[in-house]
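Just coords_13.txt here, compact mmCIF, C-alpha atoms and all ligand atoms:
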```
# COMPACT_ATOMS: atom_id res chain seq x y z
CA MET A 209 3.12 -20.08 26.97
CA GLU A 210 -0.29 -19.59 25.34
CA THR A 211 -0.18 -16.62 23.03
CA THR A 212 -3.77 -15.85 22.37
CA THR A 213 -3.61 -13.18 25.07
CA LYS A 214 -1.05 -10.46 24.43
CA ALA A 215 0.14 -10.18 28.00
CA SER A 216 1.31 -13.76 28.06
CA TYR A 217 3.96 -13.27 25.45
CA LEU A 218 4.90 -9.71 26.29
CA ALA A 219 6.19 -10.88 29.64
CA THR A 220 8.29 -13.78 28.46
CA PHE A 221 11.86 -12.60 29.02
CA LYS A 222 13.65 -10.35 31.49
CA PRO A 223 14.10 -6.84 30.04
CA ASP A 224 17.88 -7.18 29.68
CA GLU A 225 17.49 -10.44 27.77
CA VAL A 226 15.37 -8.90 25.02
CA ALA A 227 17.07 -8.01 21.73
CA LEU A 228 13.95 -6.80 19.95
CA ALA A 229 10.25 -6.67 20.71
CA THR A 230 7.13 -5.83 18.80
CA GLU A 231 3.99 -4.49 20.41
CA ASP A 232 0.71 -4.74 18.56
CA LEU A 233 2.43 -4.68 15.20
CA SER A 234 -0.02 -4.50 12.31
CA VAL A 235 0.68 -4.22 8.60
CA LEU A 236 -1.76 -2.80 6.06
CA TYR A 237 -0.60 -3.14 2.47
CA GLY A 238 -1.44 -0.10 0.40
CA GLY A 239 -2.59 1.45 3.66
CA LYS A 240 -5.77 -0.59 3.80
CA VAL A 241 -5.45 -4.36 3.28
CA GLN A 242 -4.49 -5.75 6.67
CA LYS A 243 -2.21 -8.79 6.53
CA LEU A 244 -0.66 -8.73 10.00
CA PHE A 245 -2.70 -8.32 13.17
CA ASP A 246 -1.39 -7.10 16.53
CA ALA A 247 1.77 -9.18 16.65
CA SER A 248 3.45 -8.77 20.03
CA LEU A 249 6.61 -10.84 20.27
CA GLN A 250 9.85 -10.59 22.17
CA PHE A 251 13.06 -11.96 20.73
CA LYS A 252 15.67 -13.13 23.19
CA LYS A 253 19.32 -12.17 22.73
CA ASN A 254 21.63 -14.80 21.25
CA THR A 255 18.85 -17.08 20.13
CA ILE A 256 17.37 -18.16 16.84
CA THR A 257 13.63 -17.75 16.49
CA ALA A 258 11.88 -19.56 13.65
CA LEU A 259 8.77 -18.02 12.11
CA ILE A 260 6.61 -20.80 10.71
CA GLY A 261 3.17 -21.00 9.10
CA ALA A 262 1.48 -21.68 5.80
CA SER A 263 2.17 -19.70 2.67
CA GLY A 264 0.62 -16.25 2.96
CA SER A 265 0.30 -16.39 6.75
CA GLY A 266 2.32 -13.19 7.20
CA LYS A 267 5.77 -14.43 8.21
CA SER A 268 7.70 -12.37 5.66
CA THR A 269 5.38 -9.42 6.19
CA PHE A 270 6.29 -9.48 9.88
CA LEU A 271 9.99 -10.06 9.25
CA ARG A 272 10.34 -7.29 6.66
CA SER A 273 8.61 -4.83 8.93
CA LEU A 274 11.22 -5.27 11.65
CA ASN A 275 13.86 -3.29 9.78
CA ARG A 276 11.39 -1.14 7.91
CA MET A 277 11.68 -2.93 4.57
CA ASN A 278 7.90 -2.62 4.13
CA ASP A 279 7.79 1.14 4.48
CA ARG A 280 7.14 1.85 0.83
CA VAL A 281 4.34 -0.63 0.36
CA ALA A 282 2.50 -0.71 3.65
CA LYS A 283 1.34 1.19 6.68
CA ILE A 284 2.86 -0.29 9.81
CA ASN A 285 1.11 0.35 13.11
CA GLY A 286 2.43 -0.57 16.55
CA LYS A 287 5.84 -0.53 18.17
CA ILE A 288 9.17 -2.13 17.30
CA MET A 289 11.29 -1.74 20.40
CA PHE A 290 15.06 -1.86 19.92
CA HIS A 291 17.14 -0.70 22.91
CA ASP A 292 14.24 1.20 24.45
CA LEU A 293 13.71 3.02 21.17
CA ASP A 294 10.60 2.53 19.10
CA VAL A 295 12.13 2.22 15.63
CA ASN A 296 8.72 2.31 13.97
CA GLN A 297 8.80 6.10 14.16
CA PRO A 298 8.91 8.43 11.16
CA ASN A 299 12.10 10.17 12.30
CA ILE A 300 14.21 6.97 12.44
CA ASN A 301 17.11 6.78 9.99
CA VAL A 302 16.30 3.46 8.34
CA TYR A 303 19.80 3.08 6.86
CA GLU A 304 21.29 3.24 10.34
CA LEU A 305 18.60 0.88 11.58
CA ARG A 306 19.47 -1.66 8.88
CA LYS A 307 23.10 -1.60 9.95
CA ASN A 308 21.86 -2.84 13.32
CA ILE A 309 19.18 -5.13 11.99
CA GLY A 310 20.56 -6.78 8.87
CA MET A 311 18.74 -8.97 6.41
CA VAL A 312 19.49 -12.04 4.33
CA PHE A 313 17.03 -12.92 1.59
CA GLN A 314 15.65 -16.13 0.16
CA ARG A 315 17.78 -16.12 -2.98
CA PRO A 316 21.47 -15.35 -2.59
CA ASN A 317 21.93 -11.85 -4.03
CA PRO A 318 25.63 -10.98 -4.02
CA PHE A 319 26.64 -7.83 -5.87
CA PRO A 320 28.20 -8.53 -9.29
CA LYS A 321 31.57 -7.61 -7.81
CA SER A 322 34.49 -9.42 -6.28
CA ILE A 323 34.12 -11.38 -3.05
CA ARG A 324 36.16 -8.72 -1.25
CA GLU A 325 34.11 -5.86 -2.63
CA ASN A 326 30.89 -7.51 -1.55
CA ILE A 327 32.10 -7.20 2.03
CA THR A 328 33.72 -3.77 1.80
CA TYR A 329 31.04 -2.05 -0.29
CA ALA A 330 28.85 -0.82 2.55
CA LEU A 331 31.85 -0.03 4.73
CA LYS A 332 33.39 2.18 2.05
CA ALA A 333 30.02 3.82 1.44
CA ASN A 334 30.03 4.62 5.17
CA GLY A 335 33.38 6.38 4.77
CA GLN A 336 35.68 3.62 6.02
CA THR A 337 38.97 3.95 4.08
CA ASP A 338 41.67 2.30 6.22
CA LYS A 339 42.83 -0.58 4.01
CA GLN A 340 44.19 -2.69 6.83
CA GLN A 341 40.99 -2.31 8.82
CA LEU A 342 38.90 -3.19 5.78
CA GLU A 343 40.99 -6.32 5.16
CA GLN A 344 40.52 -7.32 8.77
CA ILE A 345 36.76 -6.97 8.52
CA VAL A 346 36.74 -8.98 5.27
CA GLU A 347 38.51 -11.83 7.03
CA GLU A 348 36.46 -11.61 10.23
CA SER A 349 33.15 -11.53 8.36
CA LEU A 350 34.06 -14.40 6.06
CA ARG A 351 35.30 -16.44 9.00
CA ALA A 352 32.10 -15.77 10.94
CA ALA A 353 30.07 -16.92 7.95
CA ALA A 354 32.26 -20.05 7.69
CA LEU A 355 33.41 -19.14 4.19
CA TRP A 356 36.97 -17.91 4.75
CA ASP A 357 38.74 -21.21 4.14
CA GLU A 358 36.91 -21.71 0.86
CA VAL A 359 37.58 -18.23 -0.58
CA LYS A 360 40.68 -16.81 1.08
CA ASP A 361 42.79 -17.37 -2.04
CA LYS A 362 40.31 -15.85 -4.46
CA LEU A 363 39.00 -12.71 -2.80
CA ASP A 364 39.32 -10.76 -6.06
CA LYS A 365 37.29 -13.28 -8.04
CA SER A 366 33.66 -12.56 -8.87
CA ALA A 367 31.17 -13.46 -6.17
CA LEU A 368 28.91 -14.75 -8.92
CA ALA A 369 31.36 -17.60 -9.58
CA LEU A 370 30.64 -19.08 -6.14
CA SER A 371 28.13 -21.88 -5.61
CA GLY A 372 24.65 -20.98 -4.37
CA GLY A 373 25.49 -22.07 -0.84
CA GLN A 374 28.73 -20.10 -0.85
CA GLN A 375 26.90 -17.06 -2.23
CA GLN A 376 24.38 -17.26 0.60
CA ARG A 377 27.18 -17.46 3.18
CA LEU A 378 28.79 -14.47 1.43
CA CYS A 379 25.50 -12.59 1.83
CA ILE A 380 25.61 -13.43 5.52
CA ALA A 381 29.24 -12.24 5.70
CA ARG A 382 28.21 -9.04 3.92
CA ALA A 383 25.42 -8.48 6.43
CA LEU A 384 27.83 -9.14 9.33
CA ALA A 385 30.47 -6.70 8.03
CA VAL A 386 28.56 -3.67 9.34
CA LYS A 387 28.31 -5.37 12.76
CA PRO A 388 24.58 -5.75 13.24
CA GLU A 389 23.05 -7.02 16.46
CA ILE A 390 20.20 -8.79 14.75
CA LEU A 391 19.99 -10.78 11.54
CA LEU A 392 16.68 -11.31 9.79
CA LEU A 393 16.68 -14.34 7.49
CA ASP A 394 13.88 -14.96 5.01
CA GLU A 395 14.01 -18.66 4.10
CA PRO A 396 17.78 -18.47 3.71
CA ALA A 397 18.20 -22.10 2.70
CA SER A 398 15.24 -22.52 0.37
CA ALA A 399 17.38 -22.24 -2.77
CA LEU A 400 20.15 -24.50 -1.48
CA ASP A 401 20.91 -28.20 -1.82
CA PRO A 402 20.98 -30.40 1.33
CA VAL A 403 24.76 -30.19 1.80
CA SER A 404 24.81 -26.39 1.48
CA THR A 405 21.76 -26.20 3.74
CA SER A 406 23.50 -28.22 6.41
CA LYS A 407 26.56 -25.97 6.19
CA LEU A 408 24.39 -22.88 6.42
CA GLU A 409 22.58 -24.28 9.46
CA ASP A 410 25.92 -24.99 11.18
CA THR A 411 26.96 -21.41 10.42
CA LEU A 412 23.76 -19.98 11.89
CA LYS A 413 24.10 -22.10 15.04
CA GLN A 414 27.61 -20.77 15.48
CA LEU A 415 26.53 -17.15 14.88
CA ARG A 416 24.04 -17.41 17.70
CA LEU A 417 26.95 -16.88 20.11
CA GLU A 418 27.17 -13.26 18.94
CA TYR A 419 23.96 -12.42 17.17
CA THR A 420 20.22 -12.69 17.55
CA MET A 421 18.49 -14.23 14.57
CA ILE A 422 14.91 -14.32 13.38
CA MET A 423 14.31 -16.70 10.50
CA VAL A 424 11.36 -17.53 8.29
CA THR A 425 11.36 -21.18 7.32
CA HIS A 426 9.02 -23.64 5.65
CA ASN A 427 11.19 -26.51 6.69
CA MET A 428 9.92 -27.96 9.96
CA GLN A 429 13.02 -30.12 10.44
CA GLN A 430 15.15 -27.05 10.01
CA ALA A 431 13.11 -25.09 12.55
CA SER A 432 13.40 -27.92 15.06
CA ARG A 433 17.11 -28.47 14.36
CA ILE A 434 18.35 -24.94 14.77
CA SER A 435 15.86 -22.63 16.44
CA ASP A 436 15.45 -21.97 20.14
CA TYR A 437 12.01 -20.38 19.87
CA THR A 438 9.26 -20.74 17.31
CA ALA A 439 6.34 -18.48 16.42
CA PHE A 440 3.47 -19.99 14.46
CA PHE A 441 1.60 -17.60 12.16
CA HIS A 442 -1.84 -18.18 10.66
CA LEU A 443 -3.79 -15.74 8.49
CA GLY A 444 -1.75 -12.82 9.79
CA HIS A 445 -2.07 -13.71 13.46
CA VAL A 446 0.55 -15.11 15.81
CA ILE A 447 -1.24 -18.18 17.11
CA GLU A 448 1.47 -19.64 19.32
CA TYR A 449 4.94 -18.65 20.44
CA ASN A 450 7.07 -20.81 22.65
CA THR A 451 10.33 -22.68 22.91
CA THR A 452 10.87 -24.77 19.81
CA ALA A 453 10.96 -27.90 21.94
CA ASP A 454 7.49 -27.14 23.32
CA ILE A 455 6.01 -26.09 19.99
CA PHE A 456 7.15 -29.31 18.38
CA THR A 457 6.49 -31.75 21.18
CA ASN A 458 3.64 -30.15 23.05
CA PRO A 459 1.82 -27.57 20.91
CA LYS A 460 -1.00 -25.87 22.78
CA GLY A 461 -3.19 -25.05 19.84
CA GLN A 462 -4.85 -27.51 17.48
CA LEU A 463 -3.91 -25.38 14.46
CA THR A 464 -0.27 -25.43 15.48
CA GLU A 465 -0.34 -29.18 15.87
CA GLU A 466 -2.01 -29.67 12.50
CA TYR A 467 0.48 -27.40 10.77
CA ILE A 468 3.47 -29.12 12.32
CA GLN A 469 2.09 -32.51 11.39
CA GLY A 470 1.78 -31.33 7.79
CA SER A 471 -2.02 -31.32 7.62
CA PHE A 472 -1.99 -27.99 5.77
CA GLY A 473 0.41 -25.39 4.43
N1 LIG A 501 3.93 -6.02 -1.18
C1 LIG A 501 2.73 -6.55 -0.96
N2 LIG A 501 1.60 -5.91 -1.35
C2 LIG A 501 0.39 -6.44 -1.13
N3 LIG A 501 0.18 -7.61 -0.48
C3 LIG A 501 1.26 -8.30 -0.07
C4 LIG A 501 2.59 -7.80 -0.29
N4 LIG A 501 3.46 -8.71 0.23
C5 LIG A 501 2.72 -9.70 0.75
N5 LIG A 501 1.40 -9.45 0.56
C6 LIG A 501 0.27 -10.31 0.99
O1 LIG A 501 0.35 -10.45 2.41
C7 LIG A 501 -0.03 -11.77 2.80
C8 LIG A 501 1.10 -12.38 3.63
O2 LIG A 501 2.23 -12.56 2.75
P1 LIG A 501 3.64 -12.98 3.31
O3 LIG A 501 4.58 -12.96 2.15
O4 LIG A 501 3.97 -12.19 4.49
O5 LIG A 501 3.34 -14.47 3.76
P2 LIG A 501 4.36 -15.61 4.15
O6 LIG A 501 3.78 -16.27 5.34
O7 LIG A 501 5.73 -15.07 4.28
O8 LIG A 501 4.22 -16.54 2.88
P3 LIG A 501 5.33 -17.43 2.13
O9 LIG A 501 5.65 -18.50 3.07
O10 LIG A 501 4.61 -17.92 0.92
O11 LIG A 501 6.48 -16.52 1.81
C9 LIG A 501 -0.33 -12.52 1.51
O12 LIG A 501 -1.73 -12.49 1.31
C10 LIG A 501 0.38 -11.73 0.45
O13 LIG A 501 -0.27 -11.83 -0.79
```

Here is a file; write its structure as structure tokens.
Ligand SMILES: Nc1ncnc2c1ncn2[C@@H]1O[C@H](COP(=O)(O)OP(=O)(O)OP(=O)(O)O)[C@@H](O)[C@H]1O
Amino acid sequence: METTTKASYLATFKPDEVALATEDLSVLYGGKVQKLFDASLQFKKNTITALIGASGSGKSTFLRSLNRMNDRVAKINGKIMFHDLDVNQPNINVYELRKNIGMVFQRPNPFPKSIRENITYALKANGQTDKQQLEQIVEESLRAAALWDEVKDKLDKSALALSGGQQQRLCIARALAVKPEILLLDEPASALDPVSTSKLEDTLKQLRLEYTMIMVTHNMQQASRISDYTAFFHLGHVIEYNTTADIFTNPKGQLTEEYIQGSFG
């Protein structure tokens, strides 16, 4: 799939396979400095897509726009199609949107509260009061994030006492508690040691059975280990988008090849 023409990557998947799609998405910081240009990408359900590219190429800009995290700092043009609804519309309730499209950041950022409260916080804020139901979601979310066995006996202990890797899996559990369909991950393993990274990668691979994930990563091995699709960004443009296997073994563009081989970035 060569992505220099828009049509080629707009028609990649069957409509019922698409979890999220952007059409001509552009981002102008401060309303005038353009840092993302006409990105049209489809994300397939139950897959992991890696966003790769050099520092400053626009990966986070693109990712943060998908659940409207850039609203305050930038003007976003184009469409973000989620269930036939363009969620890049002024009348969209962004809090509801973020329940459906959750986000996990580069540095683990648990609330300075107990492990349990980290999971229940948003649920309670949404008016959920049934204790039994809340406990069930705590367990389900922690299990899904592969953290349950490590914390089940200390749910009332501070989340800040967990290791960095555990904190990041807690942040994933917290994001899962509100039952999103899509998880956006911005270099989720960059602050973790190799063992925690490997555990996190296993968790993400497992989560693919239920969720669709879009992940910024600088780590080429990580992209090739866990992602199904890869989009290569350069200077705010999507240069190539294809299966990860093709991007890594048979890149179409010279820039893609050079980036993957470590010539720049
Ligand atoms: N809030 C902002 N206001 C103004 N410019 C910004 C803002 N955030 C990012 N930029 C600029 O947009 C461009 C793309 O940045 P972005 O963070 O999306 O790149 P990236 O590919 O994710 O880089 P990295 O891998 O270093 O995180 C850069 O030139 C950056 O300086």

remark   = Residue with the minimum atom-to-atom distance to ligand LIG 501 (chain A), picked from A:Val424, A:Leu350, A:Leu378, A:Ile390 with only C-alpha atoms and all ligand atoms counted, is A:Val424

key: Protein and nucleic acid residues within 10 Å of ligand LIG 501 (chain A) (all atoms listed in the file) as a PyMOL selection string   = chain A and resi 235-244+259-273+278-282+314+394-395+424-426+440-444+473

inquiry  = At a cut-off of 9 Å, using only C-alpha atoms, what residues contact Glu325 (chain A)? Leave out same-chain residues fewer than 3 positions from it and give the result as a list of chain:residue names.
reply    =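 The filter keeps A:Phe319, A:Lys321, A:Ser322, A:Thr328, A:Tyr329, A:Ala330, A:Val346, A:Leu363, A:Asp364, A:Ala367.
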
Let's have the selection written as a PDB file, keeping the file's coordinate frame, with C-alpha atoms.
```pdb
ATOM      1  CA  PHE A 319      26.640  -7.830  -5.870  1.00  0.00           C
ATOM      2  CA  LYS A 321      31.570  -7.610  -7.810  1.00  0.00           C
ATOM      3  CA  SER A 322      34.490  -9.420  -6.280  1.00  0.00           C
ATOM      4  CA  THR A 328      33.720  -3.770   1.800  1.00  0.00           C
ATOM      5  CA  TYR A 329      31.040  -2.050  -0.290  1.00  0.00           C
ATOM      6  CA  ALA A 330      28.850  -0.820   2.550  1.00  0.00           C
ATOM      7  CA  VAL A 346      36.740  -8.980   5.270  1.00  0.00           C
ATOM      8  CA  LEU A 363      39.000 -12.710  -2.800  1.00  0.00           C
ATOM      9  CA  ASP A 364      39.320 -10.760  -6.060  1.00  0.00           C
ATOM     10  CA  ALA A 367      31.170 -13.460  -6.170  1.00  0.00           C
TER      11      ALA A 367
END
```

key: Distance of CA of Asn317 (chain A) from CA of Asp436 (chain A), expressed in Å to one decimal place   = 27.0 Å

Residues within 12 Å of Arg324 (chain A), all atoms listed in the file, excluding chain neighbours under 6 positions, as a CSV table (one decimal) with C-alpha atoms, keeping the file's coordinate frame:
```csv
chain,number,residue,atom,x,y,z
A,318,PRO,CA,25.6,-11.0,-4.0
A,330,ALA,CA,28.8,-0.8,2.6
A,331,LEU,CA,31.8,0.0,4.7
A,332,LYS,CA,33.4,2.2,2.0
A,339,LYS,CA,42.8,-0.6,4.0
A,342,LEU,CA,38.9,-3.2,5.8
A,343,GLU,CA,41.0,-6.3,5.2
A,344,GLN,CA,40.5,-7.3,8.8
A,345,ILE,CA,36.8,-7.0,8.5
A,346,VAL,CA,36.7,-9.0,5.3
A,347,GLU,CA,38.5,-11.8,7.0
A,348,GLU,CA,36.5,-11.6,10.2
A,349,SER,CA,33.2,-11.5,8.4
A,350,LEU,CA,34.1,-14.4,6.1
A,356,TRP,CA,37.0,-17.9,4.8
A,359,VAL,CA,37.6,-18.2,-0.6
A,360,LYS,CA,40.7,-16.8,1.1
A,361,ASP,CA,42.8,-17.4,-2.0
A,362,LYS,CA,40.3,-15.8,-4.5
A,363,LEU,CA,39.0,-12.7,-2.8
A,364,ASP,CA,39.3,-10.8,-6.1
A,365,LYS,CA,37.3,-13.3,-8.0
A,366,SER,CA,33.7,-12.6,-8.9
A,367,ALA,CA,31.2,-13.5,-6.2
A,378,LEU,CA,28.8,-14.5,1.4
A,379,CYS,CA,25.5,-12.6,1.8
A,381,ALA,CA,29.2,-12.2,5.7
A,382,ARG,CA,28.2,-9.0,3.9
A,385,ALA,CA,30.5,-6.7,8.0
```
